[in-house]
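**Q** Data: model.csv, CSV, C-alpha atoms.
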```csv
chain,number,residue,atom,x,y,z
A,16,MET,CA,54.9,67.2,121.7
A,17,ASP,CA,57.4,69.4,123.8
A,18,LEU,CA,59.1,72.6,122.6
A,19,ASP,CA,62.9,73.0,123.1
A,20,ILE,CA,64.8,76.3,122.7
A,21,ILE,CA,67.5,75.8,120.1
A,22,ARG,CA,70.3,78.5,119.9
A,23,TYR,CA,72.2,79.2,116.7
A,24,SER,CA,74.2,82.0,115.1
A,25,SER,CA,73.3,83.7,111.8
A,26,SER,CA,75.8,84.9,109.2
A,27,SER,CA,75.8,88.3,110.9
A,28,ASP,CA,76.9,89.0,114.3
A,29,ASP,CA,73.4,88.8,115.7
A,30,GLU,CA,72.4,85.8,117.8
A,31,VAL,CA,69.0,84.4,117.0
A,32,PHE,CA,66.9,82.0,119.1
A,33,GLU,CA,64.2,79.8,117.6
A,34,LEU,CA,61.7,77.5,119.1
A,35,ILE,CA,61.8,74.2,117.3
A,36,PRO,CA,59.4,71.4,118.1
A,37,VAL,CA,61.2,68.3,119.3
A,38,ARG,CA,59.4,65.0,119.9
A,39,LYS,CA,60.3,63.4,123.2
A,40,TYR,CA,59.6,59.8,123.9
A,41,ARG,CA,58.7,58.5,127.3
A,42,ILE,CA,60.7,55.5,128.3
A,43,ARG,CA,58.2,52.6,128.9
A,44,LEU,CA,58.5,50.6,132.0
A,45,ASP,CA,59.9,47.1,131.6
A,46,THR,CA,57.3,45.5,133.8
A,47,PHE,CA,58.8,42.0,133.7
A,48,ASN,CA,62.1,43.1,135.1
A,49,TYR,CA,61.0,46.1,137.2
A,50,PHE,CA,58.5,44.3,139.5
A,51,SER,CA,59.2,41.4,141.8
A,52,ASP,CA,57.0,38.3,141.4
A,53,SER,CA,54.6,39.3,144.1
A,54,GLU,CA,54.4,42.9,142.9
A,55,PHE,CA,53.7,41.7,139.3
A,56,ILE,CA,50.9,39.4,140.5
A,57,ALA,CA,49.4,42.2,142.6
A,58,ARG,CA,49.3,44.5,139.6
A,59,TYR,CA,48.2,42.1,136.9
A,60,ARG,CA,46.5,39.3,138.9
A,61,PHE,CA,48.7,36.7,137.1
A,62,SER,CA,52.2,35.4,137.3
A,63,GLU,CA,54.7,36.3,134.5
A,64,GLU,CA,54.5,32.7,133.1
A,65,THR,CA,50.7,32.8,132.8
A,66,VAL,CA,50.8,36.2,131.2
A,67,ILE,CA,53.1,34.8,128.5
A,68,TYR,CA,50.8,31.8,128.1
A,69,ILE,CA,47.8,34.1,127.6
A,70,SER,CA,49.7,36.2,125.1
A,71,GLU,CA,50.4,33.0,123.1
A,72,LEU,CA,46.7,32.3,123.0
A,73,LEU,CA,45.9,35.6,121.3
A,74,PRO,CA,46.2,36.0,117.5
A,75,ASN,CA,49.1,37.9,116.1
A,76,PHE,CA,47.3,41.2,115.6
A,77,ASP,CA,49.2,44.3,114.5
A,78,ASN,CA,51.1,46.6,116.9
A,79,LEU,CA,49.2,49.7,117.9
A,80,ASN,CA,51.0,52.6,116.2
A,81,ASN,CA,50.6,55.1,119.0
A,82,ARG,CA,52.2,58.0,117.1
A,83,GLY,CA,55.6,56.4,116.3
A,84,LYS,CA,56.0,54.4,119.5
A,85,PRO,CA,54.3,51.1,118.7
A,86,LEU,CA,52.7,49.0,121.4
A,87,SER,CA,53.4,45.3,121.1
A,88,LYS,CA,50.9,42.6,121.7
A,89,MET,CA,52.3,42.0,125.1
A,90,ASP,CA,52.1,45.7,126.0
A,91,GLN,CA,48.5,45.8,125.0
A,92,LEU,CA,47.7,42.7,127.0
A,93,LEU,CA,49.3,44.2,130.1
A,94,ILE,CA,47.3,47.3,129.7
A,95,GLY,CA,44.1,45.2,129.5
A,96,LEU,CA,45.1,43.1,132.5
A,97,ARG,CA,45.9,46.2,134.5
A,98,PHE,CA,42.4,47.6,133.7
A,99,TYR,CA,40.7,44.4,134.8
A,100,ALA,CA,42.8,44.4,138.0
A,101,THR,CA,41.9,48.0,139.0
A,102,GLY,CA,38.7,49.0,137.4
A,103,THR,CA,40.0,52.6,137.8
A,104,PHE,CA,40.0,55.5,135.4
A,105,GLN,CA,41.8,54.8,132.1
A,106,ASN,CA,44.3,57.6,132.5
A,107,VAL,CA,45.5,56.0,135.7
A,108,VAL,CA,45.9,52.6,133.9
A,109,GLY,CA,47.9,54.3,131.2
A,110,ASP,CA,50.4,55.9,133.6
A,111,ILE,CA,52.1,52.6,134.3
A,112,ILE,CA,53.1,52.1,130.7
A,113,HIS,CA,53.0,55.8,129.7
A,114,VAL,CA,50.1,55.8,127.2
A,115,HIS,CA,47.2,58.2,126.8
A,116,LYS,CA,43.8,57.3,128.2
A,117,SER,CA,42.3,57.3,124.7
A,118,THR,CA,44.8,54.6,123.7
A,119,VAL,CA,43.9,52.6,126.8
A,120,CYS,CA,40.2,52.8,125.8
A,121,LYS,CA,41.0,51.3,122.4
A,122,ILE,CA,43.3,48.6,123.8
A,123,VAL,CA,40.8,47.5,126.5
A,124,LYS,CA,38.1,47.1,123.9
A,125,LYS,CA,40.5,45.2,121.5
A,126,ILE,CA,42.0,42.9,124.2
A,127,SER,CA,38.5,42.1,125.6
A,128,HIS,CA,37.2,41.2,122.2
A,129,TYR,CA,40.1,38.7,121.6
A,130,LEU,CA,39.9,37.2,125.1
A,131,ALA,CA,36.1,36.8,124.9
A,132,SER,CA,36.5,34.9,121.6
A,133,LEU,CA,38.4,32.2,123.6
A,134,ARG,CA,35.3,31.3,125.6
A,135,VAL,CA,34.5,28.3,123.3
A,136,ASN,CA,37.9,26.8,124.4
A,137,PHE,CA,37.7,27.6,128.1
A,138,ILE,CA,34.1,27.8,129.1
A,139,GLN,CA,32.3,24.5,128.3
A,140,MET,CA,29.7,22.3,129.9
A,141,PRO,CA,31.1,18.8,130.7
A,142,THR,CA,31.1,16.4,127.8
A,143,ASN,CA,30.0,12.8,128.1
A,144,GLU,CA,33.4,11.7,129.2
A,145,GLU,CA,33.6,14.4,131.9
A,146,ILE,CA,30.1,14.0,133.3
A,147,LEU,CA,31.0,11.1,135.6
A,148,ARG,CA,34.0,12.9,137.1
A,149,THR,CA,31.9,16.1,137.5
A,150,LYS,CA,29.2,14.2,139.4
A,151,SER,CA,31.8,12.5,141.6
A,152,ASP,CA,33.4,15.8,142.5
A,153,PHE,CA,30.1,17.3,143.5
A,154,PHE,CA,29.2,14.1,145.5
A,155,GLN,CA,32.4,14.5,147.5
A,156,ILE,CA,31.2,17.9,148.8
A,157,ARG,CA,28.0,16.8,150.6
A,158,ARG,CA,26.9,13.5,149.0
A,159,PHE,CA,24.4,15.1,146.6
A,160,PRO,CA,24.0,12.8,143.6
A,161,ASN,CA,24.1,13.4,139.9
A,162,VAL,CA,25.0,17.1,140.0
A,163,VAL,CA,26.7,18.5,136.9
A,164,GLY,CA,26.7,22.1,137.8
A,165,CYS,CA,25.5,24.9,140.1
A,166,ILE,CA,23.7,27.9,138.6
A,167,ASP,CA,23.1,31.4,139.8
A,168,CYS,CA,23.2,35.0,138.7
A,169,THR,CA,25.3,37.9,139.9
A,170,HIS,CA,25.1,41.7,139.2
A,171,VAL,CA,28.1,43.6,137.7
A,172,LYS,CA,27.7,47.2,138.4
A,173,ILE,CA,27.8,49.7,135.5
A,174,GLN,CA,27.3,53.4,135.1
A,175,SER,CA,24.0,54.6,133.7
A,176,PRO,CA,24.0,53.9,130.0
A,177,GLY,CA,21.7,56.9,129.4
A,178,GLY,CA,18.8,57.1,127.0
A,179,GLN,CA,15.2,56.0,127.3
A,180,ASP,CA,16.0,52.5,128.3
A,181,ALA,CA,18.5,53.4,131.1
A,182,GLU,CA,16.1,52.5,133.9
A,183,LEU,CA,15.9,48.9,132.6
A,184,TYR,CA,19.4,48.4,133.8
A,185,ARG,CA,18.5,49.4,137.4
A,186,ASN,CA,18.3,46.2,139.5
A,187,ARG,CA,16.1,45.5,142.6
A,188,LYS,CA,19.0,46.8,144.8
A,189,GLY,CA,18.8,50.2,143.2
A,190,TYR,CA,21.9,50.5,141.1
A,191,PHE,CA,22.6,50.0,137.3
A,192,SER,CA,24.0,46.6,136.4
A,193,ILE,CA,24.3,43.7,134.0
A,194,ASN,CA,22.8,40.5,135.4
A,195,VAL,CA,25.2,37.7,134.6
A,196,GLN,CA,24.2,34.0,134.7
A,197,ALA,CA,26.9,31.4,135.3
A,198,ILE,CA,27.2,27.7,136.0
A,199,CYS,CA,30.3,26.2,137.7
A,200,ASN,CA,31.7,22.8,138.6
A,201,ALA,CA,33.0,21.6,141.9
A,202,GLN,CA,36.4,23.2,141.2
A,203,LEU,CA,34.7,26.6,140.8
A,204,VAL,CA,35.4,26.6,137.1
A,205,PHE,CA,32.8,28.4,135.0
A,206,THR,CA,31.2,25.9,132.6
A,207,GLU,CA,28.6,28.4,131.2
A,208,ILE,CA,28.2,32.1,131.3
A,209,THR,CA,25.6,34.4,129.9
A,210,ALA,CA,26.4,38.1,130.0
A,211,ARG,CA,23.9,40.2,128.0
A,212,TRP,CA,20.9,40.9,130.3
A,213,ARG,CA,19.9,44.1,131.9
A,214,GLY,CA,19.9,44.4,135.7
A,215,SER,CA,16.1,44.5,136.0
A,216,VAL,CA,15.7,41.1,134.4
A,217,HIS,CA,14.9,38.2,136.8
A,218,ASP,CA,17.2,35.2,137.1
A,219,SER,CA,14.5,32.8,136.1
A,220,THR,CA,13.9,34.8,132.9
A,221,ILE,CA,17.5,34.5,131.9
A,222,PHE,CA,17.5,30.8,132.5
A,223,ASN,CA,14.3,30.2,130.6
A,224,THR,CA,15.7,31.9,127.5
A,225,SER,CA,19.1,30.3,127.8
A,226,LYS,CA,20.7,27.7,125.6
A,227,ILE,CA,21.5,25.4,128.5
A,228,ARG,CA,17.8,25.1,129.4
A,229,ALA,CA,17.0,24.2,125.8
A,230,ASP,CA,19.8,21.6,125.8
A,231,LEU,CA,18.6,20.0,129.0
A,232,GLU,CA,14.9,19.9,127.9
A,233,ALA,CA,16.0,18.4,124.6
A,234,GLY,CA,17.7,15.6,126.5
A,235,LEU,CA,21.3,16.5,125.9
A,236,TYR,CA,22.3,14.2,128.8
A,237,ARG,CA,19.7,11.6,128.0
A,238,GLY,CA,20.5,8.2,129.5
A,239,SER,CA,22.1,9.7,132.6
A,240,SER,CA,20.4,11.6,135.4
A,241,CYS,CA,21.9,15.1,135.6
A,242,TYR,CA,20.8,18.0,137.8
A,243,LEU,CA,21.6,21.6,138.1
A,244,LEU,CA,21.3,23.1,141.6
A,245,GLY,CA,19.8,26.6,141.8
A,246,ASP,CA,18.4,28.8,144.6
A,247,SER,CA,14.7,29.4,145.2
A,248,GLY,CA,14.7,32.2,142.6
A,249,TYR,CA,14.4,29.4,140.0
A,250,PRO,CA,11.4,27.2,139.4
A,251,CYS,CA,11.9,23.6,140.4
A,252,ARG,CA,12.2,21.4,137.3
A,253,ASN,CA,13.2,17.8,136.5
A,254,PHE,CA,16.7,18.9,135.7
A,255,LEU,CA,16.9,22.0,138.0
A,256,LEU,CA,16.6,21.2,141.7
A,257,THR,CA,15.8,24.0,144.2
A,258,PRO,CA,15.7,24.1,148.0
A,259,LEU,CA,12.5,23.8,150.0
A,260,LEU,CA,11.5,27.0,151.8
A,261,HIS,CA,9.7,25.2,154.6
A,262,PRO,CA,11.1,21.7,155.1
A,263,ALA,CA,8.6,19.6,157.1
A,264,ASN,CA,10.7,16.6,158.2
A,265,GLU,CA,14.2,15.4,158.8
A,266,ALA,CA,14.7,14.1,155.2
A,267,GLU,CA,13.7,17.5,153.8
A,268,ARG,CA,16.1,19.3,156.2
A,269,ARG,CA,18.9,17.0,155.2
A,270,TYR,CA,18.1,17.6,151.6
A,271,ASN,CA,18.2,21.4,152.1
A,272,SER,CA,21.5,21.2,154.0
A,273,ALA,CA,23.2,19.2,151.3
A,274,HIS,CA,21.7,21.4,148.6
A,275,ILE,CA,22.9,24.6,150.2
A,276,GLN,CA,26.5,23.4,150.9
A,277,THR,CA,26.8,21.9,147.4
A,278,ARG,CA,25.4,25.0,145.6
A,279,ASN,CA,27.8,27.2,147.6
A,280,THR,CA,30.4,26.5,144.9
A,281,ILE,CA,28.8,29.1,142.6
A,282,GLU,CA,28.7,31.7,145.4
A,283,ARG,CA,32.4,31.1,146.0
A,284,ALA,CA,33.2,31.2,142.3
A,285,PHE,CA,31.6,34.6,142.0
A,286,GLY,CA,33.6,35.8,145.0
A,287,VAL,CA,36.9,34.6,143.7
A,288,TRP,CA,36.2,35.9,140.2
A,289,LYS,CA,35.3,39.4,141.4
A,290,ARG,CA,38.3,39.5,143.8
A,291,ARG,CA,40.7,38.6,141.1
A,292,PHE,CA,39.2,41.2,138.8
A,293,PRO,CA,38.1,44.2,140.9
A,294,CYS,CA,36.7,46.0,137.9
A,295,LEU,CA,33.6,43.7,138.2
A,296,SER,CA,32.9,44.7,141.8
A,297,ILE,CA,33.9,48.4,141.6
A,298,GLY,CA,31.9,49.0,138.5
A,299,LEU,CA,32.5,49.5,134.8
A,300,ARG,CA,32.3,52.8,133.1
A,301,THR,CA,32.6,51.5,129.5
A,302,LYS,CA,30.0,51.4,126.8
A,303,ILE,CA,27.5,48.5,127.1
A,304,GLN,CA,29.0,46.4,124.3
A,305,THR,CA,32.5,46.8,125.7
A,306,THR,CA,31.2,46.0,129.2
A,307,LEU,CA,29.7,42.7,128.0
A,308,MET,CA,33.0,41.7,126.3
A,309,ILE,CA,34.9,42.6,129.5
A,310,ILE,CA,32.7,40.4,131.6
A,311,THR,CA,33.1,37.4,129.3
A,312,ALA,CA,36.9,38.1,128.9
A,313,THR,CA,37.4,38.1,132.7
A,314,ALA,CA,35.4,34.8,132.9
A,315,VAL,CA,37.8,33.3,130.4
A,316,LEU,CA,40.8,34.7,132.3
A,317,TYR,CA,39.4,33.3,135.6
A,318,ASN,CA,39.2,29.8,134.1
A,319,ILE,CA,42.7,30.2,132.8
A,320,ALA,CA,43.9,31.1,136.3
A,321,ILE,CA,42.4,27.9,137.7
A,322,GLN,CA,43.8,25.8,134.9
A,323,GLN,CA,47.3,27.3,135.4
A,324,LYS,CA,47.0,26.8,139.1
A,325,GLU,CA,47.4,30.5,139.9
A,326,GLN,CA,47.3,31.2,143.6
A,327,PRO,CA,43.8,32.5,144.7
A,328,LEU,CA,43.7,36.2,145.6
A,329,MET,CA,41.2,35.6,148.4
A,330,ASP,CA,40.5,32.9,150.9
A,331,ASN,CA,37.8,30.3,150.4
A,332,ASP,CA,35.5,31.5,153.2
A,333,GLU,CA,31.9,30.6,152.3
A,334,VAL,CA,29.8,33.4,151.0
A,335,MET,CA,26.1,32.8,151.3
A,336,GLU,CA,23.3,34.9,149.8
A,337,GLU,CA,19.8,34.9,151.1
A,338,PHE,CA,17.2,32.9,149.3
A,339,ASP,CA,14.6,34.9,147.4
A,340,GLN,CA,11.7,35.6,149.6
A,341,ILE,CA,9.3,34.1,147.0
A,342,GLN,CA,9.9,30.7,145.6
A,343,LEU,CA,8.9,30.3,142.0
A,344,GLU,CA,6.6,27.3,141.6
A,345,GLY,CA,6.2,25.3,138.4
A,346,GLU,CA,3.7,22.7,137.6
A,347,ARG,CA,3.2,20.1,140.2
A,348,ASN,CA,4.8,17.3,138.2
A,349,GLN,CA,8.1,19.3,138.2
A,350,PHE,CA,8.5,18.4,141.9
A,351,ALA,CA,8.4,14.7,141.3
A,352,VAL,CA,12.2,14.4,140.7
A,353,ARG,CA,13.0,16.5,143.8
A,354,ASP,CA,10.6,14.5,145.9
A,355,ASN,CA,12.1,11.3,144.7
A,356,VAL,CA,15.6,12.5,145.6
A,357,ILE,CA,14.5,13.4,149.1
A,358,ALA,CA,12.7,10.1,149.6
A,359,THR,CA,15.5,7.8,148.3
A,360,ILE,CA,18.7,9.7,149.2
A,361,PHE,CA,18.0,11.8,152.2
A,362,ARG,CA,15.5,9.7,154.2
A,363,ILE,CA,16.6,8.6,157.7
```
Have the structure of the file written as structure tokens, please.
**A**
Amino acid sequence: MDLDIIRYSSSSDDEVFELIPVRKYRIRLDTFNYFSDSEFIARYRFSEETVIYISELLPNFDNLNNRGKPLSKMDQLLIGLRFYATGTFQNVVGDIIHVHKSTVCKIVKKISHYLASLRVNFIQMPTNEEILRTKSDFFQIRRFPNVVGCIDCTHVKIQSPGGQDAELYRNRKGYFSINVQAICNAQLVFTEITARWRGSVHDSTIFNTSKIRADLEAGLYRGSSCYLLGDSGYPCRNFLLTPLLHPANEAERRYNSAHIQTRNTIERAFGVWKRRFPCLSIGLRTKIQTTLMIITATAVLYNIAIQQKEQPLMDNDEVMEEFDQIQLEGERNQFAVRDNVIATIFRI
């Protein structure tokens, strides 16, 4: 609240000056008309048409009062998108629409909650009707048969959460993070995401406790051979095929080559996801529960971007990660499916 000097005259000849508080409103920026198309995309990571589409997906929640200058649903969505696009301090995010950083904090949490709730509509494993098309799309990459998804984990950097359990969030690379498991299809669309595990938890542990593993073991795709492709950090199973660390013949080398090039889709998906939403690569400074919602919310937005044919914000150069030094070995009978694939598909 600013103070203006108001001059007035009393009934006598004396002139009196009085300080009267006067509320001044900052004029908010009309982002849709102020920025060009390219400038708008650079700041919010989506075109104006897609932002309107996203706004229509959200429920009609109340405007934020903001001390007499209400923030509409669209204003709040733009603040949330601006935070995802920068990952910077919240007072910097608020400057573009002229709101206080405390308001930005409330809005980011609120928008992330509503966007994360859309995951059931935008992040789904292929249904029976979609399985054949998914397999065909993967087969076109490197002729690897019956693949319904590629799986891997990526670390999203966070600030230390503090408390006695803080060190549990420190990963093997030495920084605090959330270890996020995701599965994608051949179009780099996320079909499953799990964002709730501390950075020190191993990829295989996340998979072993996941719903997708329970579904596969329960025969969700019974009657049709379906494989996930994972790196050597996962144990080889009948439904999860991993590469060989030491291929001994040409068939095994051909299998490894096809496996690596097909599984590269999940590495590329992570790269495109983090490039569209730099907050994931720069690091999040929010509370843990808000952080988990932000990760899921950006995954939903990432799938929406692909669905709406938004232009990628990075090239599709392949990004390869090194295999884990130690391959997890399961029971010997778990290798039967992989051995059969090598012998029947990749033999000379």
**Q** What gap, in Å, lies between atom CA of A:Met140 and atom CA of A:Lys125?
**A**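 Taking atom CA of A:Met140 and atom CA of A:Lys125, their separation equals 26.7 Å.
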**Q** Could you tell me how far atom CA of A:Ser70 lies from atom CA of A:Met89, in Å and to one decimal?
**A**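 So the answer is 6.4 Å.
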**Q** Tell me which protein, DNA and RNA residues are within 8 Å of stretch 189-194 of chain A, counting only C-alpha atoms, leaving out same-chain ones fewer than 3 positions away, and put them as a VMD selection string.
**A** chain A and resid 168 to 175 182 184 to 186 210 to 216 218
**Q** Given the selection you just returned, output its residues as a file containing C-alpha atoms, formatted as a PDB file, keeping the file's coordinate frame.
**A**
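Result file follows (part-v7.pdb):
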```pdb
ATOM      1  CA  CYS A 168      23.200  35.000 138.700  1.00  0.00           C
ATOM      2  CA  THR A 169      25.300  37.900 139.900  1.00  0.00           C
ATOM      3  CA  HIS A 170      25.100  41.700 139.200  1.00  0.00           C
ATOM      4  CA  VAL A 171      28.100  43.600 137.700  1.00  0.00           C
ATOM      5  CA  LYS A 172      27.700  47.200 138.400  1.00  0.00           C
ATOM      6  CA  ILE A 173      27.800  49.700 135.500  1.00  0.00           C
ATOM      7  CA  GLN A 174      27.300  53.400 135.100  1.00  0.00           C
ATOM      8  CA  SER A 175      24.000  54.600 133.700  1.00  0.00           C
ATOM      9  CA  GLU A 182      16.100  52.500 133.900  1.00  0.00           C
ATOM     10  CA  TYR A 184      19.400  48.400 133.800  1.00  0.00           C
ATOM     11  CA  ARG A 185      18.500  49.400 137.400  1.00  0.00           C
ATOM     12  CA  ASN A 186      18.300  46.200 139.500  1.00  0.00           C
ATOM     13  CA  ALA A 210      26.400  38.100 130.000  1.00  0.00           C
ATOM     14  CA  ARG A 211      23.900  40.200 128.000  1.00  0.00           C
ATOM     15  CA  TRP A 212      20.900  40.900 130.300  1.00  0.00           C
ATOM     16  CA  ARG A 213      19.900  44.100 131.900  1.00  0.00           C
ATOM     17  CA  GLY A 214      19.900  44.400 135.700  1.00  0.00           C
ATOM     18  CA  SER A 215      16.100  44.500 136.000  1.00  0.00           C
ATOM     19  CA  VAL A 216      15.700  41.100 134.400  1.00  0.00           C
ATOM     20  CA  ASP A 218      17.200  35.200 137.100  1.00  0.00           C
TER      21      ASP A 218
END
```
**Q** Kindly give the distance, in Å, that separates atom CA of A:Ala266 and atom CA of A:Ala358, rounded to a single decimal.
**A** 7.2 Å
**Q** Calculated over only C-alpha atoms, which of the candidates A:Leu316, A:Ile122, A:Val356, A:Leu328 has the smallest distance to A:Ser53?
**A**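 Among the listed residues, the smallest separation from A:Ser53 belongs to A:Leu328.
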**Q** Hey, which of A:Thr257, A:Thr206, A:Thr46, A:Thr149 ends up closest to A:Ile275? Count all atoms listed in the file.
**A**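 The shortest atom-to-atom distance to A:Ile275 comes from A:Thr257.
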**Q** Near A:Pro74, counting only C-alpha atoms, which residues have an atom at most 10 Å away, once you skip same-chain residues fewer than 6 positions from it, shown as a list in words?
**A**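 Residues meeting the cut-off are Lys88, Tyr129 and Leu130 of chain A.
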**Q** Which stretch 188-281 of chain A residues have any atom within 6 Å of an atom of stretch 161-165 of chain A, and for each, what is the nearest pair of atoms with distance in Å to one decimal, counting all atoms listed in the file, rows sorted by chain and number, as CSV?
**A**
```
residue,atom,partner,partner_atom,distance
A:Ile198,CA,A:Cys165,CA,5.2
A:Cys199,CA,A:Gly164,CA,5.5
A:Asn200,CA,A:Gly164,CA,5.1
A:Cys241,CA,A:Asn161,CA,5.1
A:Tyr242,CA,A:Val162,CA,4.8
A:Leu243,CA,A:Gly164,CA,5.1
A:Leu244,CA,A:Cys165,CA,4.8
A:Arg278,CA,A:Cys165,CA,5.5
A:Ile281,CA,A:Cys165,CA,5.9
```
